[in-house]
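Next up, protein11.cif (mmCIF, C-alpha atoms (C1' of nucleotides)):
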```
data_protein
#
loop_
_atom_site.label_atom_id
_atom_site.label_comp_id
_atom_site.auth_asym_id
_atom_site.auth_seq_id
_atom_site.Cartn_x
_atom_site.Cartn_y
_atom_site.Cartn_z
CA MET E 16 105.27 134.76 40.34
CA LYS E 17 103.22 131.65 39.65
CA ILE E 18 105.54 128.64 39.24
CA ALA E 19 104.23 125.22 38.18
CA THR E 20 105.43 121.68 37.55
CA PHE E 21 103.76 119.42 34.96
CA ASN E 22 104.79 115.91 33.91
CA ILE E 23 103.37 116.13 30.39
CA ASN E 24 104.08 112.49 29.34
CA GLY E 25 105.24 113.32 25.83
CA VAL E 26 105.17 116.99 24.84
CA ARG E 27 104.70 116.31 21.12
CA ALA E 28 101.77 114.00 21.69
CA ARG E 29 100.21 116.44 24.15
CA ILE E 30 101.11 119.90 22.82
CA GLU E 31 97.44 120.94 22.68
CA THR E 32 96.89 119.70 26.23
CA LEU E 33 99.85 121.84 27.30
CA THR E 34 98.95 125.02 25.40
CA GLY E 35 95.33 124.77 26.53
CA TRP E 36 96.40 124.62 30.17
CA LEU E 37 99.01 127.40 29.74
CA SER E 38 96.35 129.71 28.25
CA GLU E 39 93.95 129.00 31.09
CA ALA E 40 96.29 128.86 34.10
CA GLN E 41 98.68 131.60 32.97
CA PRO E 42 101.71 130.42 34.95
CA ASP E 43 104.79 132.66 34.81
CA VAL E 44 107.17 129.70 34.99
CA VAL E 45 106.67 125.99 34.24
CA VAL E 46 109.01 123.05 34.59
CA LEU E 47 108.08 120.10 32.39
CA GLN E 48 109.03 116.43 32.79
CA GLU E 49 108.93 113.51 30.36
CA ILE E 50 109.06 115.68 27.26
CA LYS E 51 110.28 112.48 25.52
CA THR E 52 112.04 114.33 22.75
CA GLN E 53 115.46 115.65 21.87
CA ASP E 54 115.91 119.42 22.00
CA GLU E 55 115.52 119.80 18.22
CA GLY E 56 112.16 118.00 18.29
CA PHE E 57 110.64 120.21 21.01
CA PRO E 58 107.48 121.98 19.75
CA ALA E 59 108.71 125.45 20.68
CA ASP E 60 106.59 127.60 18.32
CA PRO E 61 103.12 127.18 19.87
CA ILE E 62 104.61 127.74 23.34
CA ALA E 63 106.66 130.77 22.30
CA ASP E 64 103.48 132.17 20.69
CA LEU E 65 101.97 132.29 24.21
CA GLY E 66 104.87 134.46 25.39
CA TYR E 67 107.23 131.90 26.91
CA ASN E 68 111.01 131.71 26.78
CA ILE E 69 112.09 128.07 26.54
CA GLU E 70 115.10 126.09 27.79
CA THR E 71 115.14 122.35 27.18
CA HIS E 72 117.24 119.39 28.29
CA GLY E 73 115.90 116.66 26.07
CA GLN E 74 116.63 113.01 25.37
CA LYS E 75 115.56 110.66 22.59
CA GLY E 76 112.49 108.63 23.48
CA PHE E 77 112.46 108.91 27.27
CA ASN E 78 112.84 111.40 30.11
CA GLY E 79 113.65 115.01 29.17
CA VAL E 80 112.91 118.20 31.10
CA ALA E 81 112.35 121.85 30.22
CA ILE E 82 111.75 125.30 31.70
CA LEU E 83 109.20 127.70 30.21
CA SER E 84 109.11 131.29 31.50
CA LYS E 85 107.39 134.52 30.59
CA LEU E 86 110.15 136.23 32.57
CA PRO E 87 113.82 136.29 31.51
CA ILE E 88 115.76 133.04 32.12
CA GLU E 89 119.40 133.29 33.25
CA ASP E 90 122.27 130.98 34.24
CA VAL E 91 120.82 127.71 32.92
CA MET E 92 122.38 124.48 34.17
CA ARG E 93 121.55 121.14 32.55
CA GLY E 94 122.02 117.84 34.37
CA LEU E 95 122.29 117.02 38.06
CA PRO E 96 125.90 117.34 39.30
CA GLY E 97 127.70 114.44 40.95
CA ASP E 98 127.98 111.75 38.25
CA ASP E 99 129.61 112.57 34.92
CA ALA E 100 128.61 109.14 33.59
CA ASP E 101 124.87 109.82 34.05
CA GLU E 102 123.46 110.54 30.58
CA GLN E 103 119.76 110.66 31.50
CA SER E 104 118.11 114.09 31.06
CA ARG E 105 116.34 114.58 34.36
CA TYR E 106 117.39 117.96 35.77
CA ILE E 107 117.43 121.60 34.63
CA GLU E 108 118.10 124.60 36.82
CA ALA E 109 117.91 128.31 36.07
CA THR E 110 117.31 131.75 37.55
CA VAL E 111 114.08 133.53 36.67
CA VAL E 112 113.98 137.26 37.21
CA GLY E 113 110.72 138.92 38.22
CA GLN E 114 110.45 141.58 40.92
CA ARG E 115 113.24 139.54 42.41
CA ALA E 116 115.38 136.63 41.26
CA VAL E 117 114.27 133.07 42.05
CA ARG E 118 116.45 130.00 41.50
CA ILE E 119 114.40 127.13 40.09
CA GLY E 120 115.37 123.45 39.81
CA GLY E 121 113.10 121.28 37.64
CA LEU E 122 113.54 117.55 38.20
CA TYR E 123 112.34 114.17 37.00
CA LEU E 124 113.46 111.77 39.69
CA PRO E 125 114.05 108.15 38.56
CA ASN E 126 111.06 105.82 38.96
CA GLY E 127 113.26 103.04 40.36
CA ASN E 128 111.13 100.03 39.46
CA PRO E 129 111.59 97.18 39.58
CA GLN E 130 113.02 97.05 43.06
CA PRO E 131 115.34 95.76 44.24
CA GLY E 132 117.72 96.09 41.30
CA PRO E 133 119.96 98.45 39.37
CA LYS E 134 117.14 100.90 38.61
CA PHE E 135 116.36 101.24 42.30
CA ASP E 136 120.05 101.69 43.09
CA TYR E 137 120.16 104.46 40.47
CA LYS E 138 117.13 106.14 42.07
CA LEU E 139 118.72 106.18 45.52
CA ALA E 140 122.06 107.40 44.15
CA TRP E 141 120.23 110.16 42.25
CA MET E 142 118.44 111.22 45.43
CA LYS E 143 121.77 111.44 47.25
CA ARG E 144 123.06 113.74 44.48
CA LEU E 145 119.85 115.79 44.68
CA ARG E 146 120.31 116.25 48.42
CA ALA E 147 123.85 117.52 47.84
CA ARG E 148 122.64 119.97 45.18
CA ALA E 149 119.78 121.10 47.44
CA SER E 150 122.20 121.80 50.28
CA HIS E 151 124.47 123.78 47.97
CA LEU E 152 121.51 125.86 46.79
CA ARG E 153 120.14 126.37 50.30
CA MET E 154 123.48 127.77 51.45
CA GLN E 155 123.23 130.49 48.78
CA GLU E 156 120.32 131.89 50.86
CA MET E 157 118.44 132.93 47.71
CA PRO E 158 114.72 132.18 47.21
CA THR E 159 114.92 128.71 45.63
CA ILE E 160 112.38 126.08 44.67
CA LEU E 161 113.01 122.47 43.67
CA LEU E 162 109.97 121.08 41.92
CA GLY E 163 108.97 118.25 39.65
CA ASP E 164 108.03 114.58 39.50
CA TYR E 165 109.82 113.17 42.56
CA ASN E 166 108.43 109.64 42.05
CA VAL E 167 108.18 109.32 45.84
CA ILE E 168 104.98 108.85 47.88
CA PRO E 169 106.01 110.58 51.12
CA GLU E 170 103.48 109.05 53.52
CA PRO E 171 100.61 106.50 53.52
CA ARG E 172 98.08 109.33 53.34
CA ASP E 173 99.63 110.38 50.01
CA ALA E 174 98.08 107.32 48.36
CA ALA E 175 94.41 106.35 48.06
CA ALA E 176 95.39 102.70 48.58
CA PRO E 177 98.82 102.65 50.25
CA ASP E 178 98.75 98.86 50.70
CA LYS E 179 98.93 98.50 46.89
CA TRP E 180 102.28 100.32 46.81
CA VAL E 181 104.26 98.47 49.48
CA ASP E 182 106.40 96.61 46.91
CA ASP E 183 106.80 99.64 44.61
CA ALA E 184 109.97 101.75 44.40
CA LEU E 185 107.86 104.91 44.89
CA PHE E 186 106.87 103.87 48.41
CA GLN E 187 109.96 102.04 49.71
CA PRO E 188 111.24 103.11 53.14
CA GLU E 189 114.60 104.01 51.52
CA SER E 190 112.92 106.30 48.95
CA ARG E 191 110.77 107.99 51.58
CA ALA E 192 113.73 108.41 53.96
CA ALA E 193 115.83 110.00 51.19
CA LEU E 194 113.11 112.59 50.54
CA ARG E 195 112.64 113.15 54.28
CA ARG E 196 116.38 113.83 54.66
CA ILE E 197 116.13 116.67 52.14
CA LEU E 198 113.06 118.10 53.89
CA ASN E 199 114.77 117.81 57.27
CA ASP E 200 117.72 119.80 55.90
CA GLY E 201 115.40 122.80 55.81
CA TRP E 202 113.10 122.53 52.79
CA THR E 203 109.30 122.86 52.95
CA ASP E 204 106.77 120.67 51.10
CA ALA E 205 104.54 123.49 49.81
CA ILE E 206 101.46 121.37 49.07
CA ARG E 207 101.49 119.63 52.46
CA LEU E 208 101.98 122.98 54.18
CA ARG E 209 98.56 124.03 52.89
CA ASP E 210 96.62 121.20 54.60
CA PRO E 211 98.97 119.61 57.17
CA ASP E 212 96.25 117.54 58.85
CA ASN E 213 94.58 116.04 55.77
CA ALA E 214 93.91 112.36 56.49
CA ARG E 215 94.03 111.36 52.77
CA GLY E 216 95.36 113.12 49.69
CA PRO E 217 95.54 115.40 47.83
CA PHE E 218 96.81 113.52 44.76
CA THR E 219 98.74 114.58 41.64
CA PHE E 220 98.86 111.33 39.60
CA TRP E 221 96.28 108.78 38.55
CA ASP E 222 97.33 105.75 36.46
CA TYR E 223 95.78 105.30 33.01
CA GLN E 224 94.95 101.70 33.91
CA ALA E 225 92.06 100.09 35.74
CA GLY E 226 89.95 103.26 35.97
CA ALA E 227 92.27 104.86 38.52
CA TRP E 228 90.95 108.38 37.82
CA GLN E 229 87.30 107.35 37.94
CA ARG E 230 87.93 105.62 41.29
CA ASP E 231 90.13 108.49 42.57
CA ASN E 232 92.84 105.90 43.07
CA GLY E 233 95.63 108.49 43.04
CA ILE E 234 98.98 109.23 44.61
CA ARG E 235 100.92 112.41 45.41
CA ILE E 236 104.36 112.26 43.77
CA ASP E 237 104.72 115.73 42.18
CA HIS E 238 106.21 117.98 44.83
CA ILE E 239 107.33 121.58 45.29
CA LEU E 240 110.11 122.12 47.84
CA LEU E 241 110.71 125.67 49.06
CA SER E 242 113.92 127.04 50.56
CA PRO E 243 113.46 129.13 53.73
CA GLN E 244 113.73 132.33 51.69
CA ALA E 245 111.05 131.06 49.29
CA VAL E 246 108.71 130.09 52.14
CA ASP E 247 108.82 133.73 53.26
CA LEU E 248 107.43 134.73 49.82
CA LEU E 249 104.65 132.09 49.63
CA ILE E 250 101.19 133.41 48.73
CA ASP E 251 99.25 130.37 47.52
CA THR E 252 99.51 126.78 46.23
CA GLY E 253 97.32 124.58 44.06
CA ILE E 254 96.80 121.34 42.15
CA ASP E 255 95.00 121.66 38.79
CA ARG E 256 93.11 118.41 39.32
CA ASP E 257 90.51 119.19 36.64
CA GLU E 258 93.13 118.71 33.92
CA ARG E 259 92.98 114.94 34.52
CA ALA E 260 89.34 114.81 33.39
CA LYS E 261 89.95 116.54 30.04
CA ASP E 262 90.61 115.00 26.62
CA LYS E 263 94.00 113.34 26.10
CA PRO E 264 95.25 114.06 29.60
CA SER E 265 98.67 113.32 31.04
CA ASP E 266 98.56 110.85 33.93
CA HIS E 267 99.93 113.71 36.09
CA VAL E 268 98.29 117.11 36.69
CA PRO E 269 99.97 120.52 37.15
CA VAL E 270 100.99 121.55 40.67
CA TRP E 271 101.87 125.19 41.43
CA VAL E 272 102.88 127.84 43.93
CA ASP E 273 102.43 131.60 43.81
CA LEU E 274 105.34 133.58 45.29
CA ASP E 275 105.55 137.30 46.06
CA ALA E 276 108.50 137.68 43.72
"C1'" DA V 3 92.15 89.05 39.42
"C1'" DT V 4 99.40 89.65 38.08
"C1'" DG V 5 94.47 92.35 34.84
"C1'" DG V 6 94.60 97.37 32.82
"C1'" DT V 7 96.86 102.17 29.30
"C1'" DT V 8 100.02 105.39 26.95
"C1'" DG V 9 104.17 107.35 24.09
"C1'" DT V 10 108.09 106.45 21.52
"C1'" DT V 11 110.36 103.41 18.92
"C1'" DG V 12 110.45 99.66 16.48
"C1'" DT V 13 107.65 95.09 16.52
"C1'" DA V 14 109.97 96.09 23.16
"C1'" DC V 15 110.53 99.41 26.80
"C1'" DA V 16 109.51 102.48 30.44
"C1'" DA V 17 106.19 104.32 33.10
#
```
Represent the supplied structure as structure tokens.
Amino acid sequence: MKIATFNINGVRARIETLTGWLSEAQPDVVVLQEIKTQDEGFPADPIADLGYNIETHGQKGFNGVAILSKLPIEDVMRGLPGDDADEQSRYIEATVVGQRAVRIGGLYLPNGNPQPGPKFDYKLAWMKRLRARASHLRMQEMPTILLGDYNVIPEPRDAAAPDKWVDDALFQPESRAALRRILNDGWTDAIRLRDPDNARGPFTFWDYQAGAWQRDNGIRIDHILLSPQAVDLLIDTGIDRDERAKDKPSDHVPVWVDLDA
DNA sequence: ATGGTTGTTGTACAA
């Protein structure tokens, strides 16, 4: 079961970017972030034509997440538990049934800039809620993966120029510690597992500005966290870096795992 | 060097 995350940066503006990648990469399951549309505006037809079931959790103008799956989708949950007043569409969770059932949480973690300030406070509060949800899921002892745009640079080597990020919410000690707490609870960073000793990179995001892609001035903020039961099923991981060089790219590229499930 | 780009919405904002 090939499961991917892709921050598409506007699914209506980039529907051909998305369908082109889906046709080429043939993922079984995809979680999307920043669809930037309400559910009724989601361009479902060209995606359904490629064989995908679709569940969306949209929002007007900003944010918005979705799950696409060639396999049946069950028990969909929209929104991250823990704050009934939170109206931002940043989390969708569902079970996908292949040879075995896998629980999948797709997330778009708050950016948090500028920091300090209310947006950074919201980011840290959201990460506390995510940790609680992750612990609940882990205790179910089912193969589970939590993947998406985490908006956290875990370590200096996850940025081409870490000194440029020291004042940014993505690289604050509090943001990094909150992610590390979740990992220390028993989750595995699937991409880092592949090359644990890499001195620099790999990256998943390159800004549109200042020739960041051409200079390979990237960061790694799109992550795939595996529960212990999912780690046992891991076959392969990848970053579809070439997507960033194509026409009308997102500023993020797809990141994926292949599970024996 | 406080630059540079993109999508959505509305002529600003979030990223």
Name every residue that the PyMOL selection byres ((chain V) within 8 of (chain E)) selects in this structure, writing the answer as a VMD selection string with chains first and numbers rising.
-> chain V and resid 6 to 11 16 to 17
So that I can check the surroundings of segment 136-147 of chain E, please list as a ChimeraX atom specification every protein, DNA and RNA residue that reaches within 7 Å of it, counting only C-alpha atoms (C1' of nucleotides) and ignoring chain neighbours fewer than 2 positions away. /E:96-97,125-127,132-134,149-151,190,193,197
Mind running segment 16-109 of chain E against segment 232-239 of chain E at 9 Å and telling me each contacting residue's nearest atom pair with the distance in Å (one decimal), counting all atoms listed in the file, chain and number ascending, as a Markdown table?
```
| residue | atom | partner | partner_atom | distance |
| --- | --- | --- | --- | --- |
| E:Ala19 | CA | E:Ile239 | CA | 8.6 |
| E:Thr20 | CA | E:Asp237 | CA | 7.6 |
| E:Phe21 | CA | E:Asp237 | CA | 8.2 |
| E:Asn22 | CA | E:Asp237 | CA | 8.3 |
```
Selected residues written out with C-alpha atoms, as an mmCIF file, in the frame of the given file:
```cif
data_model
loop_
_atom_site.group_PDB
_atom_site.id
_atom_site.type_symbol
_atom_site.label_atom_id
_atom_site.label_comp_id
_atom_site.auth_asym_id
_atom_site.auth_seq_id
_atom_site.Cartn_x
_atom_site.Cartn_y
_atom_site.Cartn_z
ATOM 1 C CA ALA E 19 104.230 125.220 38.180
ATOM 2 C CA THR E 20 105.430 121.680 37.550
ATOM 3 C CA PHE E 21 103.760 119.420 34.960
ATOM 4 C CA ASN E 22 104.790 115.910 33.910
#
```
If you count all atoms listed in the file, which residues fall within 9 Å of Gly120 of chain E, apart from same-chain ones fewer than 3 positions away, as a list in words? Val46, Tyr106, Ile107, Glu108, Ala109, Thr110, Thr159, Ile160, Leu161, Leu162 and Gly163 of chain E
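Of the residues under consideration (E:Asp60, E:Ser104, E:Trp228, E:Asp90), E:Trp228 shows the shortest atom-to-atom contact distance to Lys261 of chain E when counting all atoms listed in the file.
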* Asked: How would you write as a PyMOL selection string the residues that get within 10 Å of (117.3, 120.6, 53.1) in the file's frame, counting only C-alpha atoms (C1' of nucleotides)?
  -> chain E and resi 146-154+194-203+240-243
Export C-alpha atoms of the chosen residues as a tab-separated table (two decimals), keeping the file's coordinate frame?
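In the end it all went to again.tsv:
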```
chain	number	residue	atom	x	y	z
E	146	ARG	CA	120.31	116.25	48.42
E	147	ALA	CA	123.85	117.52	47.84
E	148	ARG	CA	122.64	119.97	45.18
E	149	ALA	CA	119.78	121.10	47.44
E	150	SER	CA	122.20	121.80	50.28
E	151	HIS	CA	124.47	123.78	47.97
E	152	LEU	CA	121.51	125.86	46.79
E	153	ARG	CA	120.14	126.37	50.30
E	154	MET	CA	123.48	127.77	51.45
E	194	LEU	CA	113.11	112.59	50.54
E	195	ARG	CA	112.64	113.15	54.28
E	196	ARG	CA	116.38	113.83	54.66
E	197	ILE	CA	116.13	116.67	52.14
E	198	LEU	CA	113.06	118.10	53.89
E	199	ASN	CA	114.77	117.81	57.27
E	200	ASP	CA	117.72	119.80	55.90
E	201	GLY	CA	115.40	122.80	55.81
E	202	TRP	CA	113.10	122.53	52.79
E	203	THR	CA	109.30	122.86	52.95
E	240	LEU	CA	110.11	122.12	47.84
E	241	LEU	CA	110.71	125.67	49.06
E	242	SER	CA	113.92	127.04	50.56
E	243	PRO	CA	113.46	129.13	53.73
```
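Taking atom CA of Pro264 of chain E and atom CA of Phe57 of chain E as the two end points, the separation is 18.7 Å.
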